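Note sheet for the following structure.
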Amino acid sequence: MIFSSYDIRGTYPAEVDGELAYKIGCSFVSFLKAKKVVVGRDGRASSIKLFESLSRGINDQGAEVIDIGLCSTPLFYFASRKAEASIMITASHLPGNYNGFKLCREKAQVLSTEEIKKIMKRSNIPKAKNKGKIIKKDFLRDYIDFNLKFLKKKNFRLKIVFDAGNGMGGYTLTKIFRQIPGVKLIELYTKVDFSFPYHFPNPLKYETLLDLQKKVISSKADFGFAADGDADRIILVDEKGEVVSSDILIALLSKYLLQEYPKEKIIYDLRSSEIVPETIISNGGKAIRSRVGHSYINALMRKEKALFGGELSGHLYFRKNNYAESEFIPVAEVMNMLPDGSSLSEMLKPFRKYYSTGELNFAAKENKLKEVEDKYSKEAKEVV
């Protein structure tokens, strides 16, 4: 099953290939009636090939492709914030032989893949009389300037370790940090290489953080952080090399942001420990729990006009960022709140008071899931 509720992912070329990309391009434009589509891509070897087929499908429907080139997913969202439609070619942290698509309607709002699946089942979508064109546009400079605005100090005295895992964070974050006076960024695996020669860029798997932890300790850094493959998730490590669970970071950021923006709404996912709603409420905010997943949290944040939102997986959303994730803003806020001479571990100490299971995953065969669905949907009908 390559279609999830909010993206499409599979192995290339067995499950995701040029033919599928072309059909997605045609169906996407046919459904949204878009005249222009922003398209970005990660650094996988297959991404450029999929881009060519996807663009051909979009152009055959008469729409223009705004080609923003290589990008992280947050950079893609930034470029798409005013667009009527957009598609990101990526499979995030999955191995290099995977690829896929994130589909967005206007203002980078995630589109349900179910709608596209329905249109793709049509035997034929007629081509437009006038084909569209591909127009290249670079948003990186504007993206860097946008992110730098979140820093509240003119000068810092910080040493930070960053592990990009050879993903797209190495493309964006290193360029942002070069513009920040007083910060020494120690780089780990920042060359974009989707063969992932050192480790998979999935910081939720703490075993992928070992090199980061060692480097933070050996270099006596103030803290470190790692990003996933498309850089829409980050995980922090304090100066002692201890992993900062995302719910702890969500609690810390909530307290800090509510001091500046009192009584605001903050979204958190149901996997987070009790420290998150407890912190939000005790600091005068309104805590709203959400089901897991970008499409659900993004939609709920827009509906509630929430200030901030976070998931245990490391997705962190900000209203000032068009309700989307950022690979830099959470780090910038930690930099802002970390006084000279203090430590991140001391700041986090009050929040580390509950035990947490973290994320638990279970493998299940598809036919078993169908049996559970059939059994309980039947019982639900009987109760009604």
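In the structure tokens, chains take letters A, B, ... by order of appearance, with residues numbered from 1 within each chain and ligands from 1 in the order shown.
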Identify, on the basis of only C-alpha atoms, every residue whose closest approach to Leu257 (chain A) does not exceed 9 Å; exclude the query and any residue fewer than 5 positions from it along the same chain; express the result as JSON, numbers by chain.
{"A": [252, 262, 307, 308, 333]}
Close residues, Ser313 (chain A) itself excluded, 10 Å, only C-alpha atoms, min 4 positions apart in chain, as number ranges by chain:
A: 202-205, 233-235, 245-247, 269, 271-272, 292-293, 358-359
Write the residues you've just listed into a file as a tab-separated table (two decimals), in the first residue's frame, and include N, CA and C atoms for each of them.
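Result file result_29.tsv:
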chain	number	residue	atom	x	y	z
A	202	ASN	N	16.54	9.14	10.67
A	202	ASN	CA	15.27	9.04	11.39
A	202	ASN	C	15.56	9.22	12.87
A	203	PRO	N	15.63	10.46	13.36
A	203	PRO	CA	16.06	10.72	14.74
A	203	PRO	C	15.12	10.18	15.81
A	204	LEU	N	13.92	9.75	15.40
A	204	LEU	CA	13.04	9.12	16.38
A	204	LEU	C	13.60	7.77	16.83
A	205	LYS	N	14.41	7.15	15.98
A	205	LYS	CA	15.14	5.95	16.35
A	205	LYS	C	16.43	6.40	17.04
A	233	ARG	N	11.42	17.08	10.58
A	233	ARG	CA	11.43	16.65	11.97
A	233	ARG	C	12.82	16.88	12.56
A	234	ILE	N	12.87	17.31	13.81
A	234	ILE	CA	14.15	17.42	14.50
A	234	ILE	C	14.03	16.84	15.91
A	235	ILE	N	15.16	16.36	16.43
A	235	ILE	CA	15.27	15.87	17.80
A	235	ILE	C	16.51	16.51	18.42
A	245	SER	N	13.40	14.16	24.61
A	245	SER	CA	12.17	13.64	24.02
A	245	SER	C	11.33	14.80	23.50
A	246	SER	N	10.68	14.59	22.37
A	246	SER	CA	9.95	15.71	21.73
A	246	SER	C	8.84	16.27	22.60
A	247	ASP	N	8.20	15.44	23.43
A	247	ASP	CA	7.17	16.00	24.29
A	247	ASP	C	7.77	16.93	25.34
A	269	ASP	N	0.01	15.95	20.18
A	269	ASP	CA	-0.55	14.66	19.76
A	269	ASP	C	-0.74	13.73	20.95
A	271	ARG	N	0.24	10.89	21.73
A	271	ARG	CA	1.35	10.10	22.24
A	271	ARG	C	2.15	10.84	23.30
A	272	SER	N	1.99	12.15	23.39
A	272	SER	CA	2.79	12.96	24.31
A	272	SER	C	2.42	12.68	25.76
A	292	VAL	N	-2.61	11.53	15.69
A	292	VAL	CA	-1.27	11.60	15.11
A	292	VAL	C	-1.34	11.86	13.60
A	293	GLY	N	-0.41	12.65	13.07
A	293	GLY	CA	-0.30	12.82	11.63
A	293	GLY	C	-0.31	14.27	11.19
A	358	GLY	N	7.32	6.44	25.04
A	358	GLY	CA	7.74	6.80	23.69
A	358	GLY	C	6.76	6.22	22.69
A	359	GLU	N	7.16	6.18	21.42
A	359	GLU	CA	6.29	5.64	20.38
A	359	GLU	C	6.43	4.13	20.31
Applying 9 Å and only C-alpha atoms, which residues near Leu300 (chain A) remain after dropping the ones on its own chain fewer than 6 positions away? List them as number ranges by chain.
A: 267, 290, 306
Per residue of region 212-254 of chain A within 7 Å of region 61-74 of chain A, record the nearest atom pair and its distance in Å to one decimal, counting only C-alpha atoms, with rows in chain order and ascending residue number, as a tab-separated table.
residue	atom	partner	partner_atom	distance
A:Asp230	CA	A:Ser72	CA	5.1
A:Ala231	CA	A:Ser72	CA	5.7
A:Asp232	CA	A:Thr73	CA	5.8
Once you have the residues from the selection above, write them out as a JSON list (two decimals), in the first residue's frame, restricted to C-alpha atoms.
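Generated output (out_21.json):
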[["chain", "number", "residue", "atom", "x", "y", "z"],
["A", 230, "ASP", "CA", 13.42, 15.74, 4.34],
["A", 231, "ALA", "CA", 14.15, 17.87, 7.44],
["A", 232, "ASP", "CA", 10.57, 18.33, 8.64]]
Among region 211-274 of chain A, which residues does DSSP mark as alpha helix (DSSP H) when it is run on the backbone? Keep the chain and numbering as in the structure and answer as a count of residues only.
23
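Near Gly310 (chain A), within 7 Å and counting only C-alpha atoms, sit Ile250, Ile267, Tyr268, Asp269, His315, Leu316 and Tyr317 of chain A, not including residues fewer than 4 positions from it in the same chain.
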Taking 2 positions as the minimum chain separation for residues in the same chain, which residues sit within 12 Å of region 48-57 of chain A when counting only C-alpha atoms? Answer as an MDAnalysis selection string.
chainID A and resid 12:13 16:30 36:46 59:70 86:90 98:101 103 120 125:128 131:135
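Checking A:Lys375, A:Lys107, A:Arg289, A:Lys184 one by one against Val161 (chain A), counting only C-alpha atoms, you find the shortest gap at A:Lys184.
Taking CA of Gly309 (chain A) and CA of Ile266 (chain A) as endpoints, the distance between them is 5.5 Å.
Distance-wise, CA of Glu346 (chain A) and CA of Leu312 (chain A) end up 21.3 Å apart.
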If we count only C-alpha atoms and set the cut-off at 8 Å, which residues sit around Leu236 (chain A), ignoring sequence neighbours fewer than 6 positions away in its own chain? Please answer as a list in words.
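Answer for this query is Phe223, Gly224, Phe225, Ala226, Val243, Val244, Ser245 and Ser246 of chain A.
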What would the file look like if the residues just selected were written as a PDB file, in the first residue's frame with N, CA and C atoms?
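As written to disk, result-v4.pdb reads:
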ATOM      1  N   PHE A 223      24.470  22.206  22.899  1.00  0.00           N
ATOM      2  CA  PHE A 223      23.473  21.185  22.592  1.00  0.00           C
ATOM      3  C   PHE A 223      23.684  20.719  21.161  1.00  0.00           C
ATOM      4  N   GLY A 224      22.940  19.715  20.784  1.00  0.00           N
ATOM      5  CA  GLY A 224      22.993  19.229  19.418  1.00  0.00           C
ATOM      6  C   GLY A 224      21.601  18.891  18.938  1.00  0.00           C
ATOM      7  N   PHE A 225      21.465  18.721  17.630  1.00  0.00           N
ATOM      8  CA  PHE A 225      20.173  18.303  17.100  1.00  0.00           C
ATOM      9  C   PHE A 225      20.368  17.545  15.799  1.00  0.00           C
ATOM     10  N   ALA A 226      19.383  16.711  15.477  1.00  0.00           N
ATOM     11  CA  ALA A 226      19.407  15.919  14.253  1.00  0.00           C
ATOM     12  C   ALA A 226      18.102  16.120  13.511  1.00  0.00           C
ATOM     13  N   VAL A 243      19.204  12.536  25.164  1.00  0.00           N
ATOM     14  CA  VAL A 243      18.186  12.855  24.164  1.00  0.00           C
ATOM     15  C   VAL A 243      17.037  13.622  24.810  1.00  0.00           C
ATOM     16  N   VAL A 244      16.589  14.667  24.155  1.00  0.00           N
ATOM     17  CA  VAL A 244      15.440  15.445  24.631  1.00  0.00           C
ATOM     18  C   VAL A 244      14.206  14.912  23.913  1.00  0.00           C
ATOM     19  N   SER A 245      13.398  14.160  24.614  1.00  0.00           N
ATOM     20  CA  SER A 245      12.171  13.639  24.021  1.00  0.00           C
ATOM     21  C   SER A 245      11.326  14.800  23.503  1.00  0.00           C
ATOM     22  N   SER A 246      10.680  14.595  22.366  1.00  0.00           N
ATOM     23  CA  SER A 246       9.955  15.707  21.732  1.00  0.00           C
ATOM     24  C   SER A 246       8.842  16.272  22.600  1.00  0.00           C
TER      25      SER A 246
END
